[in-house]
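*Asks:* Below is the structure I would like to discuss, written out as C-alpha coordinates.
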Amino acid sequence: MKNLSKANLVALSVPLALLGGAYGFQYIGGLVPCEMCWWQRYAHFAALGLAVTAFVLPVKRLFVALSGLALAAASAIGGYHAGVEYGWWKGLTECTTTVSFSNGGDPLAAIMAAPVIRCDVVQWKLMGISMAGYDFLISGAAALVVFALMARNKG
(Lines give C-alpha, C1' and ligand atoms only; values in the text may rest on other atoms or scores of the structure.)
Protein backbone atom coordinates (compact mmCIF):
# COMPACT_ATOMS: atom_id res chain seq x y z
CA MET A 1 0.00 0.00 0.00
CA LYS A 2 1.39 3.41 -0.98
CA ASN A 3 1.93 6.09 1.63
CA LEU A 4 -0.76 8.31 0.10
CA SER A 5 -3.28 5.49 0.45
CA LYS A 6 -2.20 4.95 4.06
CA ALA A 7 -2.58 8.67 4.73
CA ASN A 8 -6.06 8.58 3.23
CA LEU A 9 -6.97 5.56 5.34
CA VAL A 10 -5.89 7.43 8.50
CA ALA A 11 -7.78 10.54 7.34
CA LEU A 12 -10.88 8.39 6.91
CA SER A 13 -10.72 6.09 9.92
CA VAL A 14 -9.81 8.58 12.67
CA PRO A 15 -12.71 11.02 12.19
CA LEU A 16 -15.06 8.07 11.64
CA ALA A 17 -13.96 6.52 14.94
CA LEU A 18 -14.07 9.81 16.84
CA LEU A 19 -17.53 10.69 15.51
CA GLY A 20 -18.70 7.18 16.35
CA GLY A 21 -17.43 7.62 19.88
CA ALA A 22 -19.01 11.06 20.22
CA TYR A 23 -22.39 9.82 19.03
CA GLY A 24 -22.07 6.75 21.26
CA PHE A 25 -21.48 8.97 24.29
CA GLN A 26 -24.42 11.13 23.21
CA TYR A 27 -27.06 8.51 22.39
CA ILE A 28 -25.96 5.62 24.61
CA GLY A 29 -24.25 7.49 27.44
CA GLY A 30 -26.62 10.44 27.57
CA LEU A 31 -23.97 13.17 27.27
CA VAL A 32 -25.37 16.18 25.43
CA PRO A 33 -22.77 18.03 23.31
CA CYS A 34 -22.08 21.70 23.97
CA GLU A 35 -21.54 24.31 21.25
CA MET A 36 -17.77 23.72 21.01
CA CYS A 37 -18.33 19.96 20.85
CA TRP A 38 -20.37 20.59 17.71
CA TRP A 39 -17.56 22.67 16.24
CA GLN A 40 -15.22 19.71 16.69
CA ARG A 41 -17.75 17.42 15.03
CA TYR A 42 -18.07 19.78 12.05
CA ALA A 43 -14.31 19.57 11.47
CA HIS A 44 -14.50 15.76 11.63
CA PHE A 45 -17.42 15.73 9.18
CA ALA A 46 -15.29 17.79 6.80
CA ALA A 47 -12.28 15.48 7.24
CA LEU A 48 -14.46 12.44 6.65
CA GLY A 49 -16.09 13.88 3.52
CA LEU A 50 -12.75 14.95 2.07
CA ALA A 51 -11.20 11.54 2.75
CA VAL A 52 -14.12 9.78 1.05
CA THR A 53 -13.77 12.15 -1.90
CA ALA A 54 -10.08 11.24 -2.14
CA PHE A 55 -11.08 7.60 -2.63
CA VAL A 56 -13.32 8.36 -5.61
CA LEU A 57 -11.64 11.26 -7.44
CA PRO A 58 -8.36 11.03 -9.34
CA VAL A 59 -6.92 14.12 -7.55
CA LYS A 60 -6.25 12.17 -4.35
CA ARG A 61 -3.33 14.17 -2.94
CA LEU A 62 -5.29 17.42 -2.71
CA PHE A 63 -8.23 15.88 -0.87
CA VAL A 64 -6.02 13.88 1.50
CA ALA A 65 -4.16 17.10 2.35
CA LEU A 66 -7.43 18.95 2.91
CA SER A 67 -8.63 16.11 5.12
CA GLY A 68 -5.40 16.39 7.13
CA LEU A 69 -6.03 20.11 7.51
CA ALA A 70 -9.56 19.40 8.74
CA LEU A 71 -8.10 16.99 11.32
CA ALA A 72 -5.67 19.71 12.39
CA ALA A 73 -8.61 22.12 12.73
CA ALA A 74 -10.48 19.58 14.87
CA SER A 75 -7.39 19.26 17.04
CA ALA A 76 -7.08 23.03 17.42
CA ILE A 77 -10.75 23.36 18.37
CA GLY A 78 -10.38 20.45 20.80
CA GLY A 79 -7.33 22.09 22.37
CA TYR A 80 -9.18 25.38 22.74
CA HIS A 81 -12.21 23.60 24.20
CA ALA A 82 -10.06 21.63 26.65
CA GLY A 83 -8.39 24.86 27.76
CA VAL A 84 -11.81 26.37 28.43
CA GLU A 85 -12.84 23.26 30.39
CA TYR A 86 -9.67 23.35 32.50
CA GLY A 87 -10.03 27.09 33.13
CA TRP A 88 -6.84 28.06 31.31
CA TRP A 89 -8.70 30.78 29.38
CA LYS A 90 -12.21 32.10 28.96
CA GLY A 91 -14.51 30.50 26.48
CA LEU A 92 -17.78 31.45 24.92
CA THR A 93 -20.77 32.82 26.73
CA GLU A 94 -23.24 30.73 24.75
CA CYS A 95 -24.28 27.29 25.89
CA THR A 96 -26.26 24.52 24.27
CA THR A 97 -29.48 22.85 25.25
CA THR A 98 -31.78 20.23 23.81
CA VAL A 99 -35.53 20.75 23.70
CA SER A 100 -38.06 18.06 22.90
CA PHE A 101 -41.63 18.81 21.86
CA SER A 102 -42.42 15.17 21.08
CA ASN A 103 -44.97 14.79 23.88
CA GLY A 104 -47.17 17.56 22.47
CA GLY A 105 -46.90 19.55 25.68
CA ASP A 106 -46.26 23.21 26.29
CA PRO A 107 -43.27 24.40 24.19
CA LEU A 108 -42.33 27.12 26.70
CA ALA A 109 -42.32 24.62 29.55
CA ALA A 110 -40.13 22.29 27.47
CA ILE A 111 -37.67 25.12 26.78
CA MET A 112 -37.53 26.12 30.43
CA ALA A 113 -37.03 22.50 31.57
CA ALA A 114 -34.29 21.67 29.04
CA PRO A 115 -30.79 21.18 30.49
CA VAL A 116 -28.18 23.83 29.73
CA ILE A 117 -24.89 22.30 28.61
CA ARG A 118 -21.95 24.53 29.47
CA CYS A 119 -18.79 24.52 27.37
CA ASP A 120 -16.60 25.13 30.41
CA VAL A 121 -17.74 22.06 32.36
CA VAL A 122 -16.14 18.65 31.79
CA GLN A 123 -18.90 16.08 31.33
CA TRP A 124 -16.60 13.05 31.12
CA LYS A 125 -12.91 12.43 31.62
CA LEU A 126 -10.49 9.54 31.78
CA MET A 127 -7.15 9.84 33.58
CA GLY A 128 -7.79 13.57 34.01
CA ILE A 129 -8.26 14.22 30.29
CA SER A 130 -11.63 15.36 28.96
CA MET A 131 -13.21 14.27 25.70
CA ALA A 132 -12.09 17.57 24.15
CA GLY A 133 -8.56 16.85 25.36
CA TYR A 134 -8.61 13.42 23.77
CA ASP A 135 -9.93 14.94 20.55
CA PHE A 136 -7.02 17.40 20.62
CA LEU A 137 -4.49 14.60 21.11
CA ILE A 138 -5.95 12.04 18.70
CA SER A 139 -6.87 14.45 15.90
CA GLY A 140 -3.52 16.22 16.18
CA ALA A 141 -1.60 12.95 16.05
CA ALA A 142 -3.68 11.80 13.07
CA ALA A 143 -3.03 15.07 11.21
CA LEU A 144 0.71 14.66 11.81
CA VAL A 145 0.60 11.06 10.57
CA VAL A 146 -1.34 12.10 7.44
CA PHE A 147 1.18 14.83 6.59
CA ALA A 148 4.19 12.62 7.41
CA LEU A 149 2.90 9.88 5.13
CA MET A 150 2.19 12.40 2.39
CA ALA A 151 5.72 13.81 2.70
CA ARG A 152 7.18 10.30 2.29
CA ASN A 153 4.92 9.50 -0.67
CA LYS A 154 6.90 8.90 -3.84
CA GLY A 155 4.04 8.39 -6.24
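Going by the C-alpha coordinates order, chains are called A, B, ..., each with residues numbered from 1, while ligands are numbered from 1 in the order shown.
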I'd like the contact shell of stretch 130-136 of chain A - 8 Å cut-off, only C-alpha atoms, skipping same-chain residues fewer than 4 positions apart - returned as a PDB file with N, CA, C and O atoms, in the first residue's frame.
*Replies:*
```
ATOM      1  N   LEU A  18     -13.785   8.770  15.854  1.00  0.00           N
ATOM      2  CA  LEU A  18     -14.067   9.814  16.843  1.00  0.00           C
ATOM      3  C   LEU A  18     -15.529  10.254  16.799  1.00  0.00           C
ATOM      4  O   LEU A  18     -16.143  10.486  17.852  1.00  0.00           O
ATOM      5  N   CYS A  37     -18.349  21.364  21.269  1.00  0.00           N
ATOM      6  CA  CYS A  37     -18.334  19.955  20.849  1.00  0.00           C
ATOM      7  C   CYS A  37     -18.822  19.832  19.412  1.00  0.00           C
ATOM      8  O   CYS A  37     -18.271  19.066  18.622  1.00  0.00           O
ATOM      9  N   ALA A  74      -9.783  20.254  13.774  1.00  0.00           N
ATOM     10  CA  ALA A  74     -10.483  19.580  14.872  1.00  0.00           C
ATOM     11  C   ALA A  74      -9.606  19.531  16.116  1.00  0.00           C
ATOM     12  O   ALA A  74     -10.079  19.743  17.233  1.00  0.00           O
ATOM     13  N   SER A  75      -8.326  19.285  15.916  1.00  0.00           N
ATOM     14  CA  SER A  75      -7.387  19.260  17.038  1.00  0.00           C
ATOM     15  C   SER A  75      -7.280  20.636  17.692  1.00  0.00           C
ATOM     16  O   SER A  75      -7.292  20.751  18.926  1.00  0.00           O
ATOM     17  N   ALA A  76      -7.190  21.672  16.877  1.00  0.00           N
ATOM     18  CA  ALA A  76      -7.084  23.028  17.425  1.00  0.00           C
ATOM     19  C   ALA A  76      -8.343  23.406  18.205  1.00  0.00           C
ATOM     20  O   ALA A  76      -8.253  23.973  19.308  1.00  0.00           O
ATOM     21  N   ILE A  77      -9.500  23.069  17.673  1.00  0.00           N
ATOM     22  CA  ILE A  77     -10.752  23.356  18.370  1.00  0.00           C
ATOM     23  C   ILE A  77     -10.815  22.552  19.667  1.00  0.00           C
ATOM     24  O   ILE A  77     -11.221  23.062  20.715  1.00  0.00           O
ATOM     25  N   GLY A  78     -10.410  21.279  19.599  1.00  0.00           N
ATOM     26  CA  GLY A  78     -10.384  20.449  20.804  1.00  0.00           C
ATOM     27  C   GLY A  78      -9.435  20.990  21.853  1.00  0.00           C
ATOM     28  O   GLY A  78      -9.735  20.975  23.048  1.00  0.00           O
ATOM     29  N   GLY A  79      -8.276  21.492  21.423  1.00  0.00           N
ATOM     30  CA  GLY A  79      -7.332  22.092  22.370  1.00  0.00           C
ATOM     31  C   GLY A  79      -7.898  23.344  23.012  1.00  0.00           C
ATOM     32  O   GLY A  79      -7.756  23.551  24.223  1.00  0.00           O
ATOM     33  N   HIS A  81     -11.109  24.041  23.347  1.00  0.00           N
ATOM     34  CA  HIS A  81     -12.207  23.602  24.205  1.00  0.00           C
ATOM     35  C   HIS A  81     -11.676  23.012  25.510  1.00  0.00           C
ATOM     36  O   HIS A  81     -12.201  23.306  26.589  1.00  0.00           O
ATOM     37  N   ALA A  82     -10.644  22.196  25.438  1.00  0.00           N
ATOM     38  CA  ALA A  82     -10.059  21.626  26.653  1.00  0.00           C
ATOM     39  C   ALA A  82      -9.511  22.729  27.556  1.00  0.00           C
ATOM     40  O   ALA A  82      -9.670  22.676  28.785  1.00  0.00           O
ATOM     41  N   VAL A 122     -16.504  19.974  32.309  1.00  0.00           N
ATOM     42  CA  VAL A 122     -16.137  18.648  31.786  1.00  0.00           C
ATOM     43  C   VAL A 122     -17.265  17.683  32.125  1.00  0.00           C
ATOM     44  O   VAL A 122     -17.614  17.504  33.289  1.00  0.00           O
ATOM     45  N   GLN A 123     -17.832  17.056  31.099  1.00  0.00           N
ATOM     46  CA  GLN A 123     -18.902  16.083  31.329  1.00  0.00           C
ATOM     47  C   GLN A 123     -18.361  14.680  31.569  1.00  0.00           C
ATOM     48  O   GLN A 123     -19.005  13.864  32.225  1.00  0.00           O
ATOM     49  N   TRP A 124     -17.198  14.380  30.998  1.00  0.00           N
ATOM     50  CA  TRP A 124     -16.604  13.050  31.122  1.00  0.00           C
ATOM     51  C   TRP A 124     -15.106  13.195  30.972  1.00  0.00           C
ATOM     52  O   TRP A 124     -14.620  13.977  30.157  1.00  0.00           O
ATOM     53  N   LYS A 125     -14.367  12.437  31.785  1.00  0.00           N
ATOM     54  CA  LYS A 125     -12.915  12.430  31.624  1.00  0.00           C
ATOM     55  C   LYS A 125     -12.367  11.071  32.027  1.00  0.00           C
ATOM     56  O   LYS A 125     -12.981  10.328  32.787  1.00  0.00           O
ATOM     57  N   LEU A 126     -11.198  10.770  31.487  1.00  0.00           N
ATOM     58  CA  LEU A 126     -10.491   9.540  31.779  1.00  0.00           C
ATOM     59  C   LEU A 126      -9.041   9.911  32.031  1.00  0.00           C
ATOM     60  O   LEU A 126      -8.418  10.582  31.197  1.00  0.00           O
ATOM     61  N   GLY A 140      -4.826  15.640  16.476  1.00  0.00           N
ATOM     62  CA  GLY A 140      -3.516  16.223  16.182  1.00  0.00           C
ATOM     63  C   GLY A 140      -2.514  15.178  15.738  1.00  0.00           C
ATOM     64  O   GLY A 140      -1.774  15.372  14.766  1.00  0.00           O
TER      65      GLY A 140
END
```
*Asks:* Can I get the residues of stretch 25-80 of chain A within 12 Å of stretch 2-8 of chain A, each with the closest pair of atoms and their distance in Å to one decimal, using only C-alpha atoms, sorted chain first then ascending number, as CSV?
*Replies:*
```
residue,atom,partner,partner_atom,distance
A:Ala47,CA,A:Asn8,CA,10.1
A:Leu48,CA,A:Asn8,CA,9.9
A:Gly49,CA,A:Asn8,CA,11.3
A:Leu50,CA,A:Asn8,CA,9.3
A:Ala51,CA,A:Asn8,CA,5.9
A:Val52,CA,A:Asn8,CA,8.4
A:Thr53,CA,A:Asn8,CA,9.9
A:Ala54,CA,A:Asn8,CA,7.2
A:Phe55,CA,A:Asn8,CA,7.8
A:Val56,CA,A:Asn8,CA,11.4
A:Val59,CA,A:Leu4,CA,11.4
A:Lys60,CA,A:Leu4,CA,8.0
A:Arg61,CA,A:Leu4,CA,7.1
A:Leu62,CA,A:Leu4,CA,10.6
A:Phe63,CA,A:Asn8,CA,8.6
A:Val64,CA,A:Asn8,CA,5.6
A:Ala65,CA,A:Asn8,CA,8.8
A:Leu66,CA,A:Asn8,CA,10.5
A:Ser67,CA,A:Asn8,CA,8.2
A:Gly68,CA,A:Ala7,CA,8.6
A:Leu71,CA,A:Asn8,CA,11.8
```
*Asks:* Which is closest to A:Val146 among A:Gly91, A:Ala70, A:Leu57, A:Pro33, if we use only C-alpha atoms?
*Replies:*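 Nearest to A:Val146: A:Ala70.
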*Asks:* My list of candidates is A:Ala151, A:Val10, A:Val145, A:Leu19. Which is closest to A:Trp38 when distances are computed with only C-alpha atoms?
*Replies:*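 Smallest distance to A:Trp38 is found for A:Leu19.
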*Asks:* If you run DSSP on the backbone, which residues of stretch 8-153 of chain A are strand (DSSP E), as a ChimeraX atom specification?
*Replies:* /A:96-97,116-117,125-126,129-130
